[in-house]
Amino acid sequence: MQGSFSRTWRGRAGRWSVAAYALTSLLLWPIPLLNVLHVESAAVLAGVAFVVSGLSSLRQFRDGVSAATVVVWQVVVLAIPLVLMTVPLVWSPNCAYPTGLMFFVLFPVVSAVLACSVASLLHALEVPRSNTVFLAIAIGFAVFPPLYDIGLHPQLYTYNHVFGGILGPIYDEQLSIRPGLFAFRGLSLAWAATLWMASRVATRRAGVRDPLTAMTLAVSVGLVIAYSLSAQLGWNTTHAILQESLGSSIVTDHFEVHYDSRSVRGDEIEEMVDNMEYRYSVLSSILATEIRDRVRVYIYPTAESKGSLTGSRTTSVAPVWLAHPQIHILKRRVQQSLDHELVHVFSREFGMPILRASPKVGLVEGLASALEAPDGRPSPGELMEAVIQDGSRDSVSVVDGLATSLGAFGFWTGRGAVSYAATGSFVRYLLEQYGVAALKSAYRSGDLESAYGKSRSLLAAEWYSAVRRSEPVSPSAKSIAEARFSVPSLFEAECPHTVPGYISDYRDGIDQMSVYDTLAAVRLFTRSASADSAYLPSRAALASIQLRQGDPRPVLATVAIDTAAMQYPRMKVLVADAYAMVGNGDAATAIYAEVADIVPEYAAEIRMALWIRRRLATDASAARWYFRGLEHDPVPATLLADPALSLYRVRRAMSIDRSAEACLASLEWTDGDEAVFSEDERAMFSAQVLIWRTEACSGMRPDAAAAAGLDAEKRLVAAGELNLARYAADRAGFAQWKLSRTEGRRSSTPAGLSDNPHTI
């Protein structure tokens, strides 16, 4: 074999292979993300390896090179891209090089072996124009299986014989490496073995009684069986599998919600579906559109479960191209992201055919960003206004940046926060200035000029001028914009797709807390803190649990040993809580004051929580009652005469998700109780109390919740806090919507929308 191997290396096919791999690797060097040996670059190399190995193998077979030599050669020559893709480590760090090596073996090496077997069978069958036939096979198997997998199934992953696979959406920071990937690449090797045997059968012209023929047929039957079990083996995910895995469901007028009842309480799921229906009514009114089918909403308890089922760990998705409207979302992100995804579902009703979306990605995500529910914080549009109004960007750079973000390449390769803010602000301007009909037309075609009678550049210039003329945004919007817009994109990240284990454990612990598995969360937080004691979020999470269990000693002991922990604001608050629980009120009060100085103005709820803590800091029994939050813990006698007692009870109950108890306590609060606030605090804090009543009472007393929300809105508008006013109006609208359902009628225009100029 050695002489044959040497001739192969010097032959034309060998030189061509070496050149192709070297050129591909060198072309990847300057491209961010692809110059790191990981899943994306491995997929590119696998696609190239399939073509190069197949075509060069055909030439080698024609030259009389043995099958064993061909296979060994095609695998060995892959050392060239492996070495060349290791060189970028000099200027582009790869924090997961061993994982990259795994993908290199799974993708390029397996693809090369499979390509050799395809070439062997074509040669054995003496197929005419075999190079062309091979290329057609490569293109067909690279394109059509992903269309079947992602185009017809509720999954964001696809495994492929040619290029290896796509593991999930680009926004997932941490990849979901599912067992199905290894099973599928095993299938690729099984195909290779089958094709090798088939080529031997064809060469020997063996009969049906030949043992090799029987073995080939047996393996072929095994492949057929494997494909019939594709869902069970993890190559495809079906709706039936999702629904069986989650286990529970609830059907409403417009939604079919599937969830895990072990991780979602009964009152929680009721509140979630009510919010879905309310948000449906709001968006239907704004977009003048109805969704023709019930929307399937899949709520996953943890990122691990979501990733194992769909390939997407944390990214919320609404695959509009599928036949049935649907949303896939983590439980802890329902409140944060469901409205955004629901806009995508609505937009499929006026998107272009087949894909049911706009050809302009910027319009797809811009519309969803523009119509997100208010949350009290600066909107994406205001963040863009902050950048424009501070003069750090001229009109040309902003308009050019918007034009780039409207396209698919520019949107996905740019910084996510910038792309979402820019396109969201632009689409909101189009909606308010020109109405929904023109926006729908532009959305379907992607042609702004035909829809508006103006060029894209002119519309962008109009938008820029409108933003420049708008009211100055708050200082908090500017600081938030600076922080968010500085986050690098996946293409700029130093170690893409690499999440250290201690951070992954922390995030998984947060998931477990959201589904009420405190023991699992403690294990994960402890492992995270042990792996990296400098990672303070894990230590703060543990401290919070310890205080909830009534034991402040570990928290104080930790800080006594490591004073650096006090650099983390959340940890500072927890340490102050611990001091209050042991009777050191002076130390607690001093720390609360320090933290209050850095809380942004828009965060009224946080400032209110700190105000309550300062009030309780000098009473150890009151602090223990408040922070432990036990359901049947009696109110300390020292608090019975405190005029703010009902406020303490509201916040205490809300912090542990007991909304009925919080509602009853909030109804005890009267306007006369506002005297406990200083004059500077009164307007904002009184409005915040009303917002808490709105949130807590929407299920139990929607009439009281609606009245409180509208009252809070008026106060906040008068105080100039429009973001929080929008949120209060939205919650009031939700309460009124619930009240109308209770009374057997629907409100056609939810309160706080069309009749309020500062909401949309």
# chains A, B, ... in the order shown; residues from 1 in each chain; ligands from 1
$ residues_around --residues "Ala576 of chain A" --least-positions-apart "6" --cutoff "9 Å" --atoms "only C-alpha atoms" --output "list in words"
Asn584, Gly585, Ala587, Ala588, Thr589, Ala590, Ile591, Tyr592, Arg613 and Ala617 of chain A
$ residues_around --residues "Cys95 of chain A" --least-positions-apart "6" --cutoff "9 Å" --atoms "only C-alpha atoms" --output "VMD selection string"
chain A and resid 494 to 496 498
$ select_by_dssp --residues "segment 455-501 of chain A" --states "helix (DSSP H, G or I)" --output "count of residues only"
26
$ residues_around --residues "segment 539-545 of chain A" --least-positions-apart "2" --cutoff "6 Å" --atoms "only C-alpha atoms" --output "list in words"
Ala529, Leu536, Pro537, Leu547, Arg548, Val555 and Met571 of chain A
$ write_last_selection --atoms "N, CA and C atoms" --output "PDB file, in the first residue's frame"
ATOM      1  N   ALA A 529     -20.190  27.950  42.265  1.00  0.00           N
ATOM      2  CA  ALA A 529     -19.368  28.746  43.179  1.00  0.00           C
ATOM      3  C   ALA A 529     -18.066  28.038  43.518  1.00  0.00           C
ATOM      4  N   LEU A 536     -19.648  35.926  41.197  1.00  0.00           N
ATOM      5  CA  LEU A 536     -20.512  36.329  42.304  1.00  0.00           C
ATOM      6  C   LEU A 536     -22.000  36.036  42.109  1.00  0.00           C
ATOM      7  N   PRO A 537     -22.530  35.996  40.880  1.00  0.00           N
ATOM      8  CA  PRO A 537     -23.956  35.655  40.755  1.00  0.00           C
ATOM      9  C   PRO A 537     -24.321  34.329  41.416  1.00  0.00           C
ATOM     10  N   LEU A 547     -30.838  32.962  53.103  1.00  0.00           N
ATOM     11  CA  LEU A 547     -31.625  33.953  53.855  1.00  0.00           C
ATOM     12  C   LEU A 547     -33.098  33.570  53.861  1.00  0.00           C
ATOM     13  N   ARG A 548     -33.586  33.040  52.749  1.00  0.00           N
ATOM     14  CA  ARG A 548     -34.983  32.617  52.691  1.00  0.00           C
ATOM     15  C   ARG A 548     -35.233  31.486  53.687  1.00  0.00           C
ATOM     16  N   VAL A 555     -23.896  33.732  55.075  1.00  0.00           N
ATOM     17  CA  VAL A 555     -23.705  34.909  54.232  1.00  0.00           C
ATOM     18  C   VAL A 555     -22.681  35.846  54.862  1.00  0.00           C
ATOM     19  N   MET A 571     -25.054  41.184  45.826  1.00  0.00           N
ATOM     20  CA  MET A 571     -24.471  40.589  47.022  1.00  0.00           C
ATOM     21  C   MET A 571     -24.480  41.591  48.169  1.00  0.00           C
TER      22      MET A 571
END
$ residues_around --residues "Phe50 of chain A" --least-positions-apart "3" --cutoff "7 Å" --atoms "only C-alpha atoms" --output "PDB file with C-alpha atoms, in the first residue's frame"
ATOM      1  CA  ALA A  46     -17.271  18.793   5.905  1.00  0.00           C
ATOM      2  CA  GLY A  47     -19.132  20.095   2.855  1.00  0.00           C
ATOM      3  CA  SER A  53     -13.114  13.343  -1.413  1.00  0.00           C
ATOM      4  CA  GLY A  54     -15.799  12.141  -3.785  1.00  0.00           C
ATOM      5  CA  SER A 111     -18.252  13.005   5.372  1.00  0.00           C
ATOM      6  CA  ALA A 112     -15.023  12.109   3.562  1.00  0.00           C
ATOM      7  CA  ALA A 115     -18.104  10.357  -0.075  1.00  0.00           C
ATOM      8  CA  VAL A 162     -22.832  15.986   3.537  1.00  0.00           C
TER       9      VAL A 162
END
$ atom_distance --atom1 "atom CA of Asn131 of chain A" --atom2 "atom CA of Ala13 of chain A"
13.0 Å
$ residues_around --residues "segment 321-324 of chain A" --least-positions-apart "2" --cutoff "12 Å" --atoms "only C-alpha atoms" --output "PyMOL selection string"
chain A and resi 147-156+238-239+255-256+291-297+317-319+326-327+344-345+347-349+351-358
$ closest_residue --among "A:Asn160, A:Phe61, A:Leu716, A:Gly583" --to "Arg185 of chain A" --atoms "only C-alpha atoms"
A:Asn160
$ closest_atom_pairs --of "segment 185-272 of chain A" --to "segment 733-742 of chain A" --cutoff "12 Å" --atoms "only C-alpha atoms" --output "tab-separated table"
residue	atom	partner	partner_atom	distance
A:Asp253	CA	A:Arg741	CA	11.9
A:Glu270	CA	A:Lys738	CA	11.5
A:Glu271	CA	A:Lys738	CA	10.3
A:Met272	CA	A:Phe734	CA	11.8
$ write_last_selection --atoms "N, CA and C atoms" --output "PDB file, in the first residue's frame"
ATOM      1  N   ASP A 253     -59.404  30.344  23.433  1.00  0.00           N
ATOM      2  CA  ASP A 253     -59.990  30.782  22.174  1.00  0.00           C
ATOM      3  C   ASP A 253     -58.979  30.791  21.034  1.00  0.00           C
ATOM      4  N   GLU A 270     -52.814  29.731  34.292  1.00  0.00           N
ATOM      5  CA  GLU A 270     -54.000  30.544  34.022  1.00  0.00           C
ATOM      6  C   GLU A 270     -53.615  31.988  33.720  1.00  0.00           C
ATOM      7  N   GLU A 271     -52.687  32.532  34.505  1.00  0.00           N
ATOM      8  CA  GLU A 271     -52.241  33.901  34.272  1.00  0.00           C
ATOM      9  C   GLU A 271     -51.514  34.012  32.932  1.00  0.00           C
ATOM     10  N   MET A 272     -50.721  32.993  32.603  1.00  0.00           N
ATOM     11  CA  MET A 272     -49.998  33.013  31.328  1.00  0.00           C
ATOM     12  C   MET A 272     -50.959  33.032  30.146  1.00  0.00           C
TER      13      MET A 272
END
$ residues_around --residues "segment 20-30 of chain A" --least-positions-apart "5" --cutoff "9 Å" --atoms "only C-alpha atoms" --output "ChimeraX atom specification"
/A:15,35-36,41,44-45,48-49,52,77-78,80-82,84-85,87-88
$ residues_around --residues "Val427 of chain A" --least-positions-apart "2" --cutoff "9 Å" --atoms "only C-alpha atoms" --output "list of chain:residue names"
A:Gly362, A:Leu363, A:Gly366, A:Leu367, A:Ser369, A:Ala370, A:Ala422, A:Thr423, A:Gly424, A:Ser425, A:Tyr429, A:Leu430, A:Leu431, A:Glu432, A:Leu439
$ write_last_selection --atoms "C-alpha atoms" --output "PDB file, in the first residue's frame"
ATOM      1  CA  GLY A 362     -34.863  43.789   9.463  1.00  0.00           C
ATOM      2  CA  LEU A 363     -38.600  44.197   8.889  1.00  0.00           C
ATOM      3  CA  GLY A 366     -38.152  45.318  13.568  1.00  0.00           C
ATOM      4  CA  LEU A 367     -41.910  44.782  13.603  1.00  0.00           C
ATOM      5  CA  SER A 369     -39.447  44.850  18.458  1.00  0.00           C
ATOM      6  CA  ALA A 370     -41.717  47.789  17.679  1.00  0.00           C
ATOM      7  CA  ALA A 422     -32.554  50.383  14.935  1.00  0.00           C
ATOM      8  CA  THR A 423     -35.066  48.315  12.984  1.00  0.00           C
ATOM      9  CA  GLY A 424     -37.623  48.475  15.811  1.00  0.00           C
ATOM     10  CA  SER A 425     -37.435  52.243  15.958  1.00  0.00           C
ATOM     11  CA  TYR A 429     -41.957  55.251  12.820  1.00  0.00           C
ATOM     12  CA  LEU A 430     -43.397  53.744   9.621  1.00  0.00           C
ATOM     13  CA  LEU A 431     -46.374  52.337  11.505  1.00  0.00           C
ATOM     14  CA  GLU A 432     -47.202  55.591  13.274  1.00  0.00           C
ATOM     15  CA  LEU A 439     -46.416  48.434   6.441  1.00  0.00           C
TER      16      LEU A 439
END
$ closest_residue --among "A:Thr638, A:Ser130, A:Arg628, A:Ala373" --to "Leu616 of chain A" --atoms "only C-alpha atoms"
A:Thr638
$ select_by_dssp --residues "segment 263-451 of chain A" --states "strand (DSSP E)" --output "PyMOL selection string"
chain A and resi 295-300+326-330
$ write_last_selection --atoms "C-alpha atoms" --output "PDB file, in the first residue's frame"
ATOM      1  CA  VAL A 295     -51.420  29.161  18.097  1.00  0.00           C
ATOM      2  CA  ARG A 296     -49.543  26.250  19.639  1.00  0.00           C
ATOM      3  CA  VAL A 297     -47.377  27.512  22.488  1.00  0.00           C
ATOM      4  CA  TYR A 298     -44.793  25.119  23.905  1.00  0.00           C
ATOM      5  CA  ILE A 299     -43.493  26.183  27.314  1.00  0.00           C
ATOM      6  CA  TYR A 300     -40.317  24.346  28.318  1.00  0.00           C
ATOM      7  CA  GLN A 326     -46.516  28.065  16.992  1.00  0.00           C
ATOM      8  CA  ILE A 327     -44.159  29.492  19.615  1.00  0.00           C
ATOM      9  CA  HIS A 328     -41.398  27.706  21.534  1.00  0.00           C
ATOM     10  CA  ILE A 329     -40.303  29.424  24.724  1.00  0.00           C
ATOM     11  CA  LEU A 330     -38.661  28.835  28.100  1.00  0.00           C
TER      12      LEU A 330
END
$ atom_distance --atom1 "atom CA of Pro702 of chain A" --atom2 "atom CA of Arg731 of chain A"
10.2 Å
